[in-house]
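What follows is a set of notes on a single structure, which appears directly below.
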Amino acid sequence: MPSFKIDLSTAVVFVATAPEPKMVNKKTGERAVDRETNASLSTVGLLVSDEGEGNLYQVTVPETGLPEGLAPGMPVRVVGLKARDWENTFNGEKRHGISFRAVAITTGV
């Protein structure tokens, strides 16, 4: 499926929720990994404010692209943010949405 670059050049971005491991299977504890680099993946909640509007996004980032000590309220920059639509069927019910993925998050804005 195609992905789309998101331009954050005029946005202010803050950490809303600290990184948490992204799981493939919560029952078994299997962690999601990047298919290309095999790096473990985490999810970070980001508040993106731009043009008078603020939105909360859950963004998947490889652990290699996360600095230590990310905490709610910290201003950050997001490197290589992309959005991709998805659809699947779970228990006979179709679900769909947009997933967000970044190469890295940096501090020291």
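We label chains A, B, ... in the order they appear in the structure tokens, count residues from 1 in each chain, and number ligands from 1 in the order shown.
Excluding Thr60 (chain A) itself and same-chain residues fewer than 2 positions from it, the residues having an atom within 8 Å of it are Lys22, Leu41, Ser42, Thr43, Val44, Gln58, Pro62, Phe100, Arg101 and Ala102 of chain A, counting only C-alpha atoms.
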Tell me, as a PDB file with all heavy atoms, in the first residue's frame, which residues lie within 8 Å of Arg31 (chain A), counting only C-alpha atoms; anything in the same chain fewer than 5 positions away does not count.
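Wrote it out as around_32.pdb, contents follow:
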```pdb
ATOM      1  N   PRO A  21       6.437  -0.268  23.969  1.00  0.00           N
ATOM      2  CA  PRO A  21       6.710  -1.305  22.968  1.00  0.00           C
ATOM      3  C   PRO A  21       5.474  -1.604  22.125  1.00  0.00           C
ATOM      4  O   PRO A  21       4.365  -1.699  22.648  1.00  0.00           O
ATOM      5  CB  PRO A  21       7.081  -2.529  23.811  1.00  0.00           C
ATOM      6  CG  PRO A  21       7.485  -1.980  25.137  1.00  0.00           C
ATOM      7  CD  PRO A  21       6.686  -0.734  25.331  1.00  0.00           C
ATOM      8  N   LYS A  22       5.672  -1.730  20.828  1.00  0.00           N
ATOM      9  CA  LYS A  22       4.585  -2.132  19.921  1.00  0.00           C
ATOM     10  C   LYS A  22       4.588  -3.649  19.875  1.00  0.00           C
ATOM     11  O   LYS A  22       5.607  -4.267  19.600  1.00  0.00           O
ATOM     12  CB  LYS A  22       4.792  -1.531  18.534  1.00  0.00           C
ATOM     13  CG  LYS A  22       3.657  -1.853  17.578  1.00  0.00           C
ATOM     14  CD  LYS A  22       3.839  -1.126  16.266  1.00  0.00           C
ATOM     15  CE  LYS A  22       2.748  -1.523  15.317  1.00  0.00           C
ATOM     16  NZ  LYS A  22       1.770  -0.478  15.160  1.00  0.00           N
ATOM     17  N   MET A  23       3.431  -4.231  20.137  1.00  0.00           N
ATOM     18  CA  MET A  23       3.338  -5.678  20.226  1.00  0.00           C
ATOM     19  C   MET A  23       2.636  -6.266  19.001  1.00  0.00           C
ATOM     20  O   MET A  23       1.688  -5.681  18.483  1.00  0.00           O
ATOM     21  CB  MET A  23       2.556  -6.083  21.481  1.00  0.00           C
ATOM     22  CG  MET A  23       3.096  -5.471  22.769  1.00  0.00           C
ATOM     23  SD  MET A  23       4.829  -5.826  23.084  1.00  0.00           S
ATOM     24  CE  MET A  23       4.727  -7.497  23.621  1.00  0.00           C
ATOM     25  N   VAL A  24       3.108  -7.435  18.575  1.00  0.00           N
ATOM     26  CA  VAL A  24       2.433  -8.199  17.529  1.00  0.00           C
ATOM     27  C   VAL A  24       1.348  -9.036  18.194  1.00  0.00           C
ATOM     28  O   VAL A  24       0.230  -9.132  17.715  1.00  0.00           O
ATOM     29  CB  VAL A  24       3.420  -9.122  16.776  1.00  0.00           C
ATOM     30  CG1 VAL A  24       2.684 -10.073  15.847  1.00  0.00           C
ATOM     31  CG2 VAL A  24       4.425  -8.304  16.003  1.00  0.00           C
ATOM     32  N   ASN A  25       1.708  -9.627  19.346  1.00  0.00           N
ATOM     33  CA  ASN A  25       0.790 -10.483  20.087  1.00  0.00           C
ATOM     34  C   ASN A  25       0.971 -10.214  21.573  1.00  0.00           C
ATOM     35  O   ASN A  25       1.993 -10.589  22.156  1.00  0.00           O
ATOM     36  CB  ASN A  25       1.061 -11.942  19.751  1.00  0.00           C
ATOM     37  CG  ASN A  25       0.054 -12.881  20.359  1.00  0.00           C
ATOM     38  OD1 ASN A  25      -0.453 -12.666  21.461  1.00  0.00           O
ATOM     39  ND2 ASN A  25      -0.234 -13.947  19.639  1.00  0.00           N
ATOM     40  N   SER A  40      13.436  -3.278  16.998  1.00  0.00           N
ATOM     41  CA  SER A  40      12.169  -3.320  17.724  1.00  0.00           C
ATOM     42  C   SER A  40      11.434  -2.006  17.533  1.00  0.00           C
ATOM     43  O   SER A  40      12.050  -0.941  17.436  1.00  0.00           O
ATOM     44  CB  SER A  40      12.425  -3.552  19.214  1.00  0.00           C
ATOM     45  OG  SER A  40      13.002  -4.815  19.417  1.00  0.00           O
ATOM     46  N   LEU A  41      10.102  -2.080  17.484  1.00  0.00           N
ATOM     47  CA  LEU A  41       9.286  -0.895  17.263  1.00  0.00           C
ATOM     48  C   LEU A  41       8.588  -0.453  18.544  1.00  0.00           C
ATOM     49  O   LEU A  41       8.236  -1.281  19.384  1.00  0.00           O
ATOM     50  CB  LEU A  41       8.232  -1.163  16.184  1.00  0.00           C
ATOM     51  CG  LEU A  41       8.759  -1.500  14.799  1.00  0.00           C
ATOM     52  CD1 LEU A  41       7.611  -1.908  13.876  1.00  0.00           C
ATOM     53  CD2 LEU A  41       9.512  -0.321  14.215  1.00  0.00           C
TER      54      LEU A  41
END
```
### Message
Let me make sure I understand: among A:Lys94, A:Glu87, A:Leu46, A:Ala39, which one has the smallest atom-to-atom distance to Ala18 (chain A) if we use only C-alpha atoms?
### Response
A:Leu46
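Residue nearest Ser99 (chain A) within the list A:Val12, A:Gly69, A:Trp86, A:Leu56: A:Trp86 [criterion: smallest interatomic distance, only C-alpha atoms].
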Give me the residues near Ile105 (chain A) as a PDB file with N, CA and C atoms, in the first residue's frame, where near means some atom within 7 Å (using only C-alpha atoms) and where sequence neighbours in that chain fewer than 2 positions away do not count.
```pdb
ATOM      1  N   GLY A  65      15.572   4.942  16.548  1.00  0.00           N
ATOM      2  CA  GLY A  65      15.268   6.328  16.233  1.00  0.00           C
ATOM      3  C   GLY A  65      14.670   7.104  17.397  1.00  0.00           C
ATOM      4  N   LEU A  66      14.764   6.539  18.611  1.00  0.00           N
ATOM      5  CA  LEU A  66      14.202   7.197  19.794  1.00  0.00           C
ATOM      6  C   LEU A  66      15.307   7.590  20.768  1.00  0.00           C
ATOM      7  N   VAL A  76       9.572  18.164  20.403  1.00  0.00           N
ATOM      8  CA  VAL A  76      10.407  17.263  19.599  1.00  0.00           C
ATOM      9  C   VAL A  76      10.270  17.610  18.123  1.00  0.00           C
ATOM     10  N   ARG A  77      11.171  17.036  17.339  1.00  0.00           N
ATOM     11  CA  ARG A  77      11.077  17.065  15.879  1.00  0.00           C
ATOM     12  C   ARG A  77      10.862  15.618  15.429  1.00  0.00           C
ATOM     13  N   VAL A  78      10.115  15.481  14.355  1.00  0.00           N
ATOM     14  CA  VAL A  78       9.826  14.156  13.819  1.00  0.00           C
ATOM     15  C   VAL A  78      10.482  14.046  12.448  1.00  0.00           C
ATOM     16  N   VAL A  79      11.263  13.003  12.259  1.00  0.00           N
ATOM     17  CA  VAL A  79      11.996  12.786  11.010  1.00  0.00           C
ATOM     18  C   VAL A  79      11.279  11.723  10.184  1.00  0.00           C
ATOM     19  N   THR A 107      15.155  15.367  20.014  1.00  0.00           N
ATOM     20  CA  THR A 107      14.904  16.424  20.984  1.00  0.00           C
ATOM     21  C   THR A 107      15.806  17.608  20.667  1.00  0.00           C
TER      22      THR A 107
END
```
